[in-house]
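A.B. asks: I'm passing along structure38.tsv; it holds TSV, C-alpha atoms.
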```
chain	number	residue	atom	x	y	z
A	1	MET	CA	212.97	25.22	-2.37
A	2	ARG	CA	213.68	21.69	-1.14
A	3	ILE	CA	214.00	20.24	-4.66
A	4	PRO	CA	215.25	23.05	-6.92
A	5	PHE	CA	214.50	23.22	-10.61
A	6	ASN	CA	218.20	23.52	-11.37
A	7	LYS	CA	221.48	23.03	-9.54
A	8	CYS	CA	225.09	23.40	-10.67
A	9	VAL	CA	227.31	20.57	-9.47
A	10	PRO	CA	231.14	20.50	-9.64
A	11	VAL	CA	232.13	17.24	-11.32
A	12	GLY	CA	235.84	17.58	-12.06
A	13	ASN	CA	238.65	20.08	-11.70
A	14	GLU	CA	236.56	23.20	-11.06
A	15	ILE	CA	238.16	24.04	-7.71
A	16	ASN	CA	241.69	23.17	-8.86
A	17	TYR	CA	241.48	25.27	-12.02
A	18	VAL	CA	239.92	28.29	-10.30
A	19	SER	CA	242.50	28.05	-7.51
A	20	GLU	CA	245.28	28.05	-10.09
A	21	VAL	CA	243.95	31.26	-11.62
A	22	VAL	CA	243.66	32.87	-8.20
A	23	SER	CA	247.21	31.85	-7.30
A	24	THR	CA	248.65	33.36	-10.47
A	25	GLY	CA	246.67	36.57	-10.18
A	26	GLU	CA	245.85	36.47	-13.91
A	27	PHE	CA	242.14	37.17	-13.67
A	28	GLY	CA	241.74	39.04	-16.95
A	29	ALA	CA	240.53	37.84	-20.33
A	30	SER	CA	242.38	36.06	-23.15
A	31	GLY	CA	244.30	33.64	-20.97
A	32	THR	CA	245.16	29.96	-21.22
A	33	TYR	CA	241.81	28.69	-19.95
A	34	LYS	CA	239.85	30.77	-22.45
A	35	SER	CA	242.00	29.39	-25.27
A	36	ARG	CA	241.51	25.83	-24.07
A	37	CYS	CA	237.73	26.29	-23.93
A	38	GLU	CA	237.72	27.69	-27.48
A	39	THR	CA	239.82	24.79	-28.73
A	40	TRP	CA	237.42	22.30	-27.13
A	41	LEU	CA	234.43	23.98	-28.76
A	42	LYS	CA	236.10	24.34	-32.15
A	43	ASP	CA	236.98	20.66	-32.16
A	44	HIS	CA	233.54	19.58	-30.92
A	45	PHE	CA	231.70	21.47	-33.66
A	46	ASP	CA	234.42	20.98	-36.30
A	47	ALA	CA	233.96	24.72	-36.78
A	48	ALA	CA	236.06	27.37	-38.48
A	49	ASP	CA	236.47	28.79	-34.99
A	50	ALA	CA	234.85	29.40	-31.62
A	51	VAL	CA	234.89	32.64	-29.63
A	52	MET	CA	234.23	32.65	-25.90
A	53	THR	CA	231.85	35.35	-24.67
A	54	GLN	CA	230.52	36.55	-21.34
A	55	SER	CA	227.06	35.19	-22.16
A	56	CYS	CA	224.99	33.69	-24.95
A	57	THR	CA	223.34	37.10	-25.18
A	58	ALA	CA	226.74	38.63	-26.01
A	59	ALA	CA	227.32	35.92	-28.61
A	60	LEU	CA	223.96	36.68	-30.23
A	61	GLU	CA	224.77	40.38	-30.29
A	62	MET	CA	228.10	39.62	-31.97
A	63	ALA	CA	226.30	37.44	-34.52
A	64	ALA	CA	223.96	40.34	-35.32
A	65	MET	CA	226.98	42.61	-35.84
A	66	LEU	CA	228.61	40.05	-38.13
A	67	ALA	CA	225.39	39.90	-40.15
A	68	ASN	CA	225.65	43.66	-40.79
A	69	ILE	CA	221.93	44.13	-40.32
A	70	GLY	CA	220.31	47.49	-39.72
A	71	PRO	CA	217.08	49.47	-40.08
A	72	GLY	CA	214.85	48.12	-42.83
A	73	ASP	CA	216.22	44.59	-42.55
A	74	GLU	CA	213.97	41.76	-41.37
A	75	VAL	CA	214.90	38.92	-39.03
A	76	ILE	CA	212.68	35.83	-38.77
A	77	LEU	CA	212.59	34.05	-35.42
A	78	PRO	CA	210.22	31.99	-33.28
A	79	SER	CA	208.10	33.78	-30.72
A	80	PHE	CA	208.63	30.92	-28.27
A	81	THR	CA	212.11	31.89	-27.08
A	82	PHE	CA	213.92	34.10	-24.58
A	83	SER	CA	214.13	37.86	-25.09
A	84	SER	CA	217.88	37.72	-25.84
A	85	THR	CA	217.16	36.05	-29.18
A	86	ALA	CA	215.16	39.09	-30.24
A	87	ASN	CA	217.12	41.81	-28.44
A	88	ALA	CA	220.35	41.07	-30.29
A	89	PHE	CA	218.77	41.96	-33.61
A	90	ALA	CA	216.45	44.70	-32.36
A	91	LEU	CA	219.53	46.53	-31.07
A	92	ARG	CA	220.74	46.79	-34.68
A	93	GLY	CA	217.45	48.41	-35.72
A	94	SER	CA	216.07	45.44	-37.64
A	95	LYS	CA	212.41	44.46	-37.76
A	96	LEU	CA	211.51	41.26	-35.91
A	97	VAL	CA	209.23	38.84	-37.74
A	98	PHE	CA	207.78	36.23	-35.37
A	99	VAL	CA	206.56	32.87	-36.64
A	100	ASP	CA	204.95	29.82	-35.06
A	101	ILE	CA	206.61	26.62	-33.88
A	102	ASP	CA	206.18	22.97	-34.76
A	103	PRO	CA	203.84	21.23	-32.26
A	104	VAL	CA	206.13	18.19	-31.95
A	105	THR	CA	209.65	19.63	-31.72
A	106	LEU	CA	208.61	23.06	-30.36
A	107	ASN	CA	211.15	24.51	-32.80
A	108	ILE	CA	210.56	27.08	-35.51
A	109	ASP	CA	208.26	25.68	-38.21
A	110	PRO	CA	209.90	25.78	-41.69
A	111	THR	CA	206.51	26.11	-43.38
A	112	GLN	CA	205.83	29.23	-41.31
A	113	VAL	CA	209.31	30.56	-42.13
A	114	GLU	CA	208.45	30.27	-45.82
A	115	LYS	CA	205.33	32.41	-45.31
A	116	ALA	CA	207.36	35.10	-43.56
A	117	LEU	CA	210.19	35.39	-46.09
A	118	SER	CA	210.43	38.62	-48.07
A	119	GLU	CA	212.95	40.60	-50.09
A	120	LYS	CA	213.90	42.34	-46.83
A	121	THR	CA	214.76	39.13	-44.98
A	122	ARG	CA	218.42	39.09	-43.99
A	123	VAL	CA	218.60	36.55	-41.17
A	124	ILE	CA	216.67	33.53	-39.88
A	125	VAL	CA	217.22	32.57	-36.24
A	126	PRO	CA	216.17	28.99	-35.43
A	127	VAL	CA	216.14	28.15	-31.71
A	128	ASN	CA	217.02	24.57	-30.75
A	129	TYR	CA	214.47	24.24	-27.97
A	130	ALA	CA	215.40	21.78	-25.21
A	131	GLY	CA	218.33	20.69	-27.37
A	132	GLN	CA	216.07	19.46	-30.18
A	133	PRO	CA	217.66	20.17	-33.60
A	134	CYS	CA	215.86	22.50	-35.96
A	135	ASP	CA	215.44	21.43	-39.57
A	136	ILE	CA	218.25	23.63	-40.86
A	137	ALA	CA	218.28	21.97	-44.29
A	138	ALA	CA	214.59	22.75	-44.86
A	139	ILE	CA	215.00	26.32	-43.60
A	140	ARG	CA	218.01	26.94	-45.82
A	141	ASP	CA	216.20	25.47	-48.84
A	142	LYS	CA	213.26	27.82	-48.35
A	143	ALA	CA	215.54	30.80	-47.73
A	144	ASN	CA	217.57	30.14	-50.88
A	145	LYS	CA	214.43	30.50	-52.97
A	146	VAL	CA	214.35	34.16	-51.94
A	147	SER	CA	218.08	34.85	-51.64
A	148	LYS	CA	221.21	32.78	-51.08
A	149	ASP	CA	222.55	35.67	-49.01
A	150	ILE	CA	220.10	35.06	-46.15
A	151	LEU	CA	222.08	33.99	-43.10
A	152	ILE	CA	221.06	31.29	-40.65
A	153	ILE	CA	222.12	32.03	-37.09
A	154	GLU	CA	221.21	29.29	-34.63
A	155	ASP	CA	220.35	30.08	-31.05
A	156	SER	CA	221.75	26.82	-29.66
A	157	ALA	CA	221.83	28.01	-26.07
A	158	GLN	CA	220.26	24.74	-24.88
A	159	ALA	CA	221.79	22.30	-27.36
A	160	LEU	CA	225.41	21.59	-26.41
A	161	MET	CA	226.13	17.83	-26.60
A	162	ALA	CA	223.01	17.13	-28.68
A	163	TYR	CA	223.56	15.46	-32.06
A	164	GLU	CA	221.59	14.91	-35.24
A	165	ASN	CA	222.83	12.18	-37.58
A	166	ASN	CA	226.03	12.16	-35.49
A	167	LYS	CA	226.65	15.86	-36.16
A	168	PRO	CA	226.64	18.34	-33.26
A	169	VAL	CA	223.49	20.43	-33.13
A	170	GLY	CA	224.61	23.96	-33.97
A	171	SER	CA	227.15	22.95	-36.61
A	172	GLN	CA	224.98	23.28	-39.73
A	173	SER	CA	224.32	27.04	-39.74
A	174	ASP	CA	226.45	30.07	-40.61
A	175	LEU	CA	226.80	30.99	-36.94
A	176	ALA	CA	225.57	29.44	-33.71
A	177	THR	CA	225.49	30.61	-30.11
A	178	ILE	CA	225.92	28.53	-26.95
A	179	SER	CA	225.01	29.32	-23.35
A	180	PHE	CA	226.85	28.30	-20.20
A	181	HIS	CA	224.37	30.03	-17.93
A	182	ASN	CA	223.64	28.56	-14.52
A	183	THR	CA	220.57	26.75	-15.93
A	184	LYS	CA	222.44	24.96	-18.73
A	185	ASN	CA	223.88	21.44	-18.82
A	186	ILE	CA	227.47	22.68	-18.95
A	187	ALA	CA	227.62	25.79	-16.79
A	188	CYS	CA	229.96	28.40	-15.33
A	189	GLY	CA	227.34	30.71	-13.81
A	190	GLU	CA	227.28	33.12	-16.76
A	191	GLY	CA	229.05	32.53	-20.06
A	192	GLY	CA	228.60	31.79	-23.73
A	193	ALA	CA	230.28	31.18	-27.05
A	194	LEU	CA	229.93	32.11	-30.69
A	195	ILE	CA	230.47	29.14	-33.00
A	196	VAL	CA	231.75	30.31	-36.38
A	197	ASN	CA	230.79	27.70	-38.97
A	198	ASN	CA	231.12	30.02	-41.98
A	199	GLU	CA	234.80	30.78	-42.58
A	200	LYS	CA	234.07	34.26	-43.93
A	201	PHE	CA	233.14	35.46	-40.44
A	202	ARG	CA	236.17	34.07	-38.63
A	203	LYS	CA	238.62	37.01	-38.61
A	204	ARG	CA	235.98	39.66	-38.00
A	205	SER	CA	234.58	37.71	-35.06
A	206	TYR	CA	237.92	38.19	-33.25
A	207	ILE	CA	237.82	41.93	-33.89
A	208	LEU	CA	234.26	42.35	-32.65
A	209	SER	CA	234.99	40.46	-29.44
A	210	GLU	CA	238.08	42.60	-28.81
A	211	LYS	CA	236.18	45.91	-28.71
A	212	GLY	CA	236.65	46.46	-32.44
A	213	THR	CA	240.44	46.18	-32.35
A	214	ASN	CA	242.82	43.82	-34.14
A	215	ARG	CA	244.38	42.90	-30.81
A	216	LYS	CA	244.36	39.16	-31.48
A	217	ALA	CA	246.36	39.61	-34.68
A	218	PHE	CA	248.91	41.58	-32.63
A	219	PHE	CA	249.30	38.79	-30.08
A	220	LEU	CA	249.65	36.27	-32.90
A	221	GLY	CA	252.52	38.35	-34.27
A	222	GLU	CA	250.69	39.17	-37.49
A	223	ILE	CA	250.99	42.96	-36.94
A	224	ASP	CA	253.40	45.13	-34.92
A	225	LYS	CA	250.69	47.12	-33.11
A	226	TYR	CA	246.94	46.97	-32.78
A	227	SER	CA	244.31	49.67	-33.20
A	228	TRP	CA	240.58	50.30	-33.53
A	229	VAL	CA	239.48	48.97	-36.92
A	230	ASP	CA	235.74	48.17	-36.61
A	231	ILE	CA	232.74	48.32	-34.31
A	232	GLY	CA	232.99	45.93	-31.40
A	233	THR	CA	232.04	44.98	-27.89
A	234	SER	CA	233.62	43.77	-24.67
A	235	ALA	CA	232.60	40.14	-24.93
A	236	ILE	CA	235.50	38.12	-23.54
A	237	PRO	CA	235.00	36.38	-20.16
A	238	SER	CA	237.50	36.44	-17.32
A	239	GLU	CA	239.95	33.60	-16.72
A	240	LEU	CA	238.03	32.65	-13.57
A	241	THR	CA	234.93	32.00	-15.66
A	242	SER	CA	236.89	30.10	-18.32
A	243	ALA	CA	238.67	27.97	-15.73
A	244	LEU	CA	235.36	26.90	-14.20
A	245	LEU	CA	233.92	26.20	-17.64
A	246	LEU	CA	236.87	24.12	-18.85
A	247	ALA	CA	236.42	21.73	-15.94
A	248	GLN	CA	232.78	21.28	-16.98
A	249	LEU	CA	233.62	20.85	-20.68
A	250	GLU	CA	236.11	18.13	-19.81
A	251	LYS	CA	233.26	16.20	-18.15
A	252	ALA	CA	230.63	17.06	-20.77
A	253	LYS	CA	230.01	13.44	-21.79
A	254	GLU	CA	229.65	12.29	-18.19
A	255	ILE	CA	227.30	15.15	-17.35
A	256	THR	CA	225.18	14.45	-20.42
A	257	GLU	CA	224.95	10.72	-19.72
A	258	LYS	CA	223.91	11.38	-16.14
A	259	ARG	CA	221.22	13.83	-17.26
A	260	ARG	CA	220.00	11.35	-19.90
A	261	GLU	CA	219.52	8.74	-17.19
A	262	ALA	CA	217.33	11.18	-15.26
A	263	TRP	CA	215.47	12.18	-18.45
A	264	ASP	CA	214.76	8.52	-19.23
A	265	MET	CA	213.47	7.95	-15.70
A	266	TYR	CA	210.95	10.75	-16.17
A	267	TYR	CA	209.99	9.56	-19.64
A	268	ASP	CA	209.32	5.98	-18.56
A	269	ALA	CA	207.47	7.05	-15.41
A	270	PHE	CA	204.88	9.14	-17.25
A	271	GLU	CA	203.98	6.62	-19.97
A	272	ASP	CA	200.71	5.67	-18.27
A	273	LEU	CA	199.68	9.28	-17.66
A	274	GLU	CA	200.22	9.99	-21.34
A	275	ARG	CA	198.20	6.92	-22.25
A	276	THR	CA	195.25	8.18	-20.20
A	277	GLY	CA	195.53	11.64	-21.78
A	278	SER	CA	196.62	13.53	-18.67
A	279	VAL	CA	199.98	14.64	-20.11
A	280	LYS	CA	202.07	14.60	-23.26
A	281	ARG	CA	205.77	13.72	-23.09
A	282	PRO	CA	208.55	15.17	-25.28
A	283	GLN	CA	209.15	13.40	-28.58
A	284	ILE	CA	212.73	12.78	-29.74
A	285	ALA	CA	213.45	11.69	-33.33
A	286	GLU	CA	215.35	8.42	-33.88
A	287	ASN	CA	218.27	10.18	-35.56
A	288	VAL	CA	218.77	12.55	-32.62
A	289	TYR	CA	221.01	12.09	-29.58
A	290	ASN	CA	219.11	13.86	-26.81
A	291	ASN	CA	221.31	16.04	-24.57
A	292	ALA	CA	218.63	15.94	-21.85
A	293	HIS	CA	218.68	19.67	-21.35
A	294	MET	CA	215.07	19.72	-20.28
A	295	PHE	CA	212.22	17.40	-19.40
A	296	TYR	CA	208.83	18.99	-19.86
A	297	LEU	CA	205.25	17.84	-19.81
A	298	LEU	CA	202.36	19.32	-21.77
A	299	ILE	CA	199.18	19.53	-19.71
A	300	ASN	CA	195.66	19.68	-21.14
A	301	SER	CA	194.82	23.20	-19.96
A	302	ASN	CA	196.38	26.32	-18.53
A	303	GLU	CA	194.24	26.02	-15.41
A	304	THR	CA	195.39	22.46	-14.70
A	305	ARG	CA	199.02	23.33	-15.46
A	306	ASN	CA	198.98	26.22	-13.01
A	307	LYS	CA	197.31	24.10	-10.32
A	308	LEU	CA	200.02	21.47	-10.78
A	309	ILE	CA	202.78	24.05	-10.42
A	310	ARG	CA	201.20	25.31	-7.18
A	311	SER	CA	200.72	21.77	-5.88
A	312	LEU	CA	204.37	20.90	-6.47
A	313	LYS	CA	205.52	24.17	-4.92
A	314	GLU	CA	203.57	23.36	-1.75
A	315	LYS	CA	205.60	20.16	-1.55
A	316	GLY	CA	208.89	22.00	-2.01
A	317	ILE	CA	209.35	21.06	-5.68
A	318	SER	CA	210.25	23.80	-8.16
A	319	ALA	CA	208.65	23.13	-11.55
A	320	PRO	CA	208.19	26.34	-13.58
A	321	PHE	CA	206.46	27.11	-16.85
A	322	HIS	CA	208.53	28.64	-19.64
A	323	TYR	CA	208.39	31.52	-22.13
A	324	ILE	CA	205.68	34.12	-22.45
A	325	PRO	CA	205.44	34.50	-26.26
A	326	LEU	CA	207.52	37.41	-27.52
A	327	HIS	CA	204.99	38.42	-30.15
A	328	SER	CA	202.47	39.29	-27.42
A	329	ALA	CA	204.96	40.96	-25.07
A	330	PRO	CA	205.08	44.79	-24.91
A	331	ALA	CA	208.48	44.99	-26.62
A	332	GLY	CA	207.49	42.41	-29.23
A	333	LEU	CA	204.39	44.40	-30.17
A	334	LYS	CA	206.57	47.49	-30.56
A	335	LEU	CA	209.54	46.00	-32.38
A	336	GLY	CA	208.04	43.33	-34.61
A	337	GLU	CA	205.04	41.59	-36.05
A	338	ALA	CA	203.65	38.06	-36.00
A	339	ILE	CA	202.94	36.13	-39.19
A	340	GLY	CA	200.02	33.75	-38.81
A	341	ASP	CA	197.79	33.03	-35.82
A	342	MET	CA	200.61	31.73	-33.55
A	343	SER	CA	198.19	29.10	-32.23
A	344	VAL	CA	200.85	26.50	-31.38
A	345	THR	CA	203.07	29.00	-29.59
A	346	ASN	CA	200.14	30.29	-27.56
A	347	ARG	CA	198.99	26.79	-26.59
A	348	ILE	CA	202.46	25.52	-25.64
A	349	SER	CA	203.17	28.61	-23.56
A	350	GLN	CA	199.94	28.02	-21.61
A	351	THR	CA	200.36	24.27	-21.00
A	352	LEU	CA	204.08	23.44	-20.63
A	353	ILE	CA	205.69	22.65	-17.29
A	354	ARG	CA	209.41	21.93	-16.75
A	355	LEU	CA	210.53	19.39	-14.16
A	356	PRO	CA	213.73	19.54	-12.07
A	357	LEU	CA	216.68	18.20	-14.07
A	358	TRP	CA	220.32	18.39	-13.02
A	359	TYR	CA	223.31	16.19	-12.32
A	360	GLY	CA	222.22	14.12	-9.31
A	361	VAL	CA	218.48	14.82	-9.44
A	362	ASP	CA	217.73	11.11	-9.97
A	363	GLN	CA	217.46	10.50	-6.20
A	364	TYR	CA	214.48	12.88	-6.09
A	365	ILE	CA	212.67	11.71	-9.21
A	366	PRO	CA	210.51	9.03	-7.51
A	367	GLU	CA	209.15	11.70	-5.13
A	368	ILE	CA	208.55	14.16	-8.00
A	369	VAL	CA	206.77	11.50	-10.06
A	370	ASP	CA	204.63	10.39	-7.12
A	371	SER	CA	203.65	13.99	-6.42
A	372	ILE	CA	202.47	14.45	-10.01
A	373	ARG	CA	200.64	11.13	-9.98
A	374	ASP	CA	198.89	12.11	-6.73
A	375	PHE	CA	197.84	15.42	-8.29
A	376	PHE	CA	196.17	13.80	-11.29
A	377	ALA	CA	194.59	11.12	-9.14
A	378	SER	CA	192.81	13.80	-7.12
A	379	ASN	CA	191.97	16.24	-9.94
```
Go ahead and render the structure in this file as structure tokens.
C.D. replies:
Amino acid sequence: MRIPFNKCVPVGNEINYVSEVVSTGEFGASGTYKSRCETWLKDHFDAADAVMTQSCTAALEMAAMLANIGPGDEVILPSFTFSSTANAFALRGSKLVFVDIDPVTLNIDPTQVEKALSEKTRVIVPVNYAGQPCDIAAIRDKANKVSKDILIIEDSAQALMAYENNKPVGSQSDLATISFHNTKNIACGEGGALIVNNEKFRKRSYILSEKGTNRKAFFLGEIDKYSWVDIGTSAIPSELTSALLLAQLEKAKEITEKRREAWDMYYDAFEDLERTGSVKRPQIAENVYNNAHMFYLLINSNETRNKLIRSLKEKGISAPFHYIPLHSAPAGLKLGEAIGDMSVTNRISQTLIRLPLWYGVDQYIPEIVDSIRDFFASN
């Protein structure tokens, strides 16, 4: 594709850091670069701790383990999300309860969460779509009316460097997960992190990430030998991955500012098409610092949206749709149930298109905009 939807661009010390790891031969996990990434994340979120993982999926699975959920427990989540959000909790045997999203933010709707709450609810999983913050305060207030033991675990895969009221998105829940996948703002190909905001989960999070052993306590000199003490998983990334990621984290502000410039170019360019009713642009609240993870347009119909995607593809421009709702997917029908008619989720899934957005895409934006304008002028 001549203009890709996404592209990872080295912006700092990526080559130097990776070369250093190669030269030392220390490719394994739990090295200096991993520790430096975790320190950066802990400081950014002002969290109890941060644990690097091989993916956001692995971080979600760790969060589900920390929640101690199992068969008979219910987990509330939006249907408009990636399968990893659901898989992490389905793997523990819990029942998935899908609810609709807000038509403005495209995040989980707190009023729909309230309808889905029951005595079996153990976890609520808000997803910060496109970096937009979920209303965690409203969700927690509704959850507390049923039980103060209900955990809030944010899927913040898309939200790094987004802020609400000057607080990092992902810092207001019990646990949050971050993605450094190739498609994310800050990327290392495949990687993730578990952000531990609730202190009570801090020590156990180390054990789970170390295959259920107290290995970290051993290396900290707290015990004279380590052993298997709990369930766990192999979640820690290699030093090569961490080295690449650290270089990106060090330039996180620069990357975000550059993406915001591109996002603003799109937003300004489509004002007239929104005025004529051809498209709807994303809406960002005044108290939110947009991390420009994604620029999407909402088109009036599924037929028009699909024609637009094909038209752009013919011109060498990659502009995909997004999620197929989980509640209507084969696994979703088997492993959960939907509360309500899911009308917003269904409509958004049928009409949303994502435009190319990456560090340096600004040089292509005039062509992308003109191509979309030409499409609507002739349709």
A.B. asks: Give me the stretch 49-103 of chain A side of the contact with stretch 110-115 of chain A, cut-off 8 Å, one line per residue showing its nearest atom pair and distance in Å at one decimal, counting only C-alpha atoms, sorted by chain and residue number, as JSON lines.
C.D. replies:
```
{"residue": "A:Ile76", "atom": "CA", "partner": "A:Val113", "partner_atom": "CA", "distance": 7.1}
{"residue": "A:Val99", "atom": "CA", "partner": "A:Gln112", "partner_atom": "CA", "distance": 6.0}
{"residue": "A:Asp100", "atom": "CA", "partner": "A:Gln112", "partner_atom": "CA", "distance": 6.3}
{"residue": "A:Ile101", "atom": "CA", "partner": "A:Gln112", "partner_atom": "CA", "distance": 7.9}
```
A.B. asks: Keeping only C-alpha atoms, write those residues as a PDB file, in the coordinates of the input.
C.D. replies:
```pdb
ATOM      1  CA  ILE A  76     212.680  35.830 -38.770  1.00  0.00           C
ATOM      2  CA  VAL A  99     206.560  32.870 -36.640  1.00  0.00           C
ATOM      3  CA  ASP A 100     204.950  29.820 -35.060  1.00  0.00           C
ATOM      4  CA  ILE A 101     206.610  26.620 -33.880  1.00  0.00           C
TER       5      ILE A 101
END
```
A.B. asks: For stretch 350-353 of chain A, please output as a PyMOL selection string all residues within 7 Å (counting all atoms listed in the file; exclusion window: fewer than 3 positions along the same chain).
C.D. replies: chain A and resi 296-302+305+319-322+346-347
A.B. asks: Counting all atoms listed in the file, find residues at most 12 Å from (207.0, 11.4, -30.4) (file frame) and give them as an MDAnalysis selection string.
C.D. replies: chainID A and resid 103:106 267 271 274 280:286
A.B. asks: For each of A:Met161, A:Ala247, A:Leu60, A:Ile108, take the minimum atom-to-atom distance to A:Ala90, counting all atoms listed in the file, then give the residue where this is smallest.
C.D. replies: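 For A:Ala90, the nearest of the candidates is A:Leu60.
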A.B. asks: Find the residues around A:Val123 up to 8 Å (only C-alpha atoms counted), leave out those fewer than 5 positions away in its own chain, and share them as a ChimeraX atom specification.
C.D. replies: /A:67,74-76,150-153
A.B. asks: Taking all atoms listed in the file into account, name the residue in A:Thr57, A:Thr121, A:Ser79, A:Thr213 that is nearest to A:Leu91.
C.D. replies: A:Thr57
A.B. asks: Suppose you want the space between atom CA of A:Tyr33 and atom CA of A:Pro168; what is it in Å?
C.D. replies: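 Interatomic distance here is 22.7 Å.
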A.B. asks: Check the smallest atom-to-atom distance from each of A:Leu312, A:Ile186, A:Lys225, A:Arg2 to A:Asp370 using only C-alpha atoms, then report the winner.
C.D. replies: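 Nearest candidate to A:Asp370 out of A:Leu312, A:Ile186, A:Lys225, A:Arg2: A:Leu312.
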A.B. asks: Find the residue from A:Thr183, A:Ile365, A:Glu250, A:Pro330 that sits nearest to A:Asn6; use all atoms listed in the file when measuring.
C.D. replies: A:Thr183
A.B. asks: Rank A:Ala187, A:Ala48, A:Val279, A:Val125 by their smallest atom-to-atom distance to A:Arg140, using all atoms listed in the file, and report the top residue only.
C.D. replies: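 Of A:Ala187, A:Ala48, A:Val279, A:Val125, the one nearest A:Arg140, counting all atoms listed in the file, is A:Val125.
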A.B. asks: Find the residues around A:Pro71 up to 12 Å (all atoms listed in the file counted), leave out those fewer than 5 positions away in its own chain, and share them as a list in words.
C.D. replies: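 In the requested form, the answer reads Phe89, Ala90, Leu91, Arg92, Gly93, Ser94, Lys95, Leu96, Lys120, Thr121, Arg122 and Leu335 of chain A.
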A.B. asks: What's the 12 Å shell around A:Gly31, counting all atoms listed in the file, without same-chain residues fewer than 2 positions away, as a ChimeraX atom specification?
C.D. replies: /A:21,24-29,33-38,52,216,219,236-243
A.B. asks: Find the residue from A:Val9, A:Met342, A:Leu66, A:Ile309 that sits nearest to A:Asn185; use all atoms listed in the file when measuring.
C.D. replies: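 With all atoms listed in the file as the atom set, the closest residue is A:Val9.
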A.B. asks: Would you pick out the contacts of A:Lys211 at 8 Å or less, using only C-alpha atoms, so that residues sharing its chain but fewer than 4 positions from it are not included, and give the list as a PyMOL selection string?
C.D. replies: chain A and resi 207+228+231-235
A.B. asks: Now that the selection is made, can you save its residues with C-alpha atoms as a compact mmCIF listing (two decimals), in the frame of the given file?
C.D. replies:
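What follows is the written file again39.txt:
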```txt
# COMPACT_ATOMS: atom_id res chain seq x y z
CA ILE A 207 237.82 41.93 -33.89
CA TRP A 228 240.58 50.30 -33.53
CA ILE A 231 232.74 48.32 -34.31
CA GLY A 232 232.99 45.93 -31.40
CA THR A 233 232.04 44.98 -27.89
CA SER A 234 233.62 43.77 -24.67
CA ALA A 235 232.60 40.14 -24.93
```
A.B. asks: Expressed in Å to a single decimal, how great is the separation between atom CA of A:Lys258 and atom CA of A:Asp374?
C.D. replies: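 A separation of 26.7 Å between them.
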A.B. asks: What is the distance between atom CA of A:Glu337 and atom CA of A:Ala116, in Å to one decimal?
C.D. replies: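 These two atoms are separated by 10.2 Å.
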A.B. asks: Kindly complete stretch 325-336 of chain A to N, CA and C atoms; the output should be written as a CSV table (one decimal), in the frame of the given file.
C.D. replies:
```
chain,number,residue,atom,x,y,z
A,325,PRO,N,205.1,34.2,-24.9
A,325,PRO,CA,205.4,34.5,-26.3
A,325,PRO,C,205.9,35.9,-26.5
A,326,LEU,N,207.0,36.1,-27.3
A,326,LEU,CA,207.5,37.4,-27.5
A,326,LEU,C,206.6,38.3,-28.4
A,327,HIS,N,205.8,37.6,-29.3
A,327,HIS,CA,205.0,38.4,-30.2
A,327,HIS,C,203.9,39.2,-29.4
A,328,SER,N,203.5,38.7,-28.2
A,328,SER,CA,202.5,39.3,-27.4
A,328,SER,C,203.0,40.1,-26.3
A,329,ALA,N,204.3,40.2,-26.1
A,329,ALA,CA,205.0,41.0,-25.1
A,329,ALA,C,205.0,42.4,-25.5
A,330,PRO,N,205.1,43.4,-24.6
A,330,PRO,CA,205.1,44.8,-24.9
A,330,PRO,C,206.2,45.2,-25.9
A,331,ALA,N,207.4,44.7,-25.7
A,331,ALA,CA,208.5,45.0,-26.6
A,331,ALA,C,208.3,44.3,-28.0
A,332,GLY,N,207.7,43.1,-28.0
A,332,GLY,CA,207.5,42.4,-29.2
A,332,GLY,C,206.5,43.1,-30.1
A,333,LEU,N,205.4,43.6,-29.4
A,333,LEU,CA,204.4,44.4,-30.2
A,333,LEU,C,205.0,45.7,-30.8
A,334,LYS,N,206.0,46.2,-30.1
A,334,LYS,CA,206.6,47.5,-30.6
A,334,LYS,C,207.6,47.3,-31.6
A,335,LEU,N,208.4,46.2,-31.5
A,335,LEU,CA,209.5,46.0,-32.4
A,335,LEU,C,209.4,45.0,-33.5
A,336,GLY,N,208.2,44.3,-33.6
A,336,GLY,CA,208.0,43.3,-34.6
A,336,GLY,C,206.6,43.1,-34.9
```
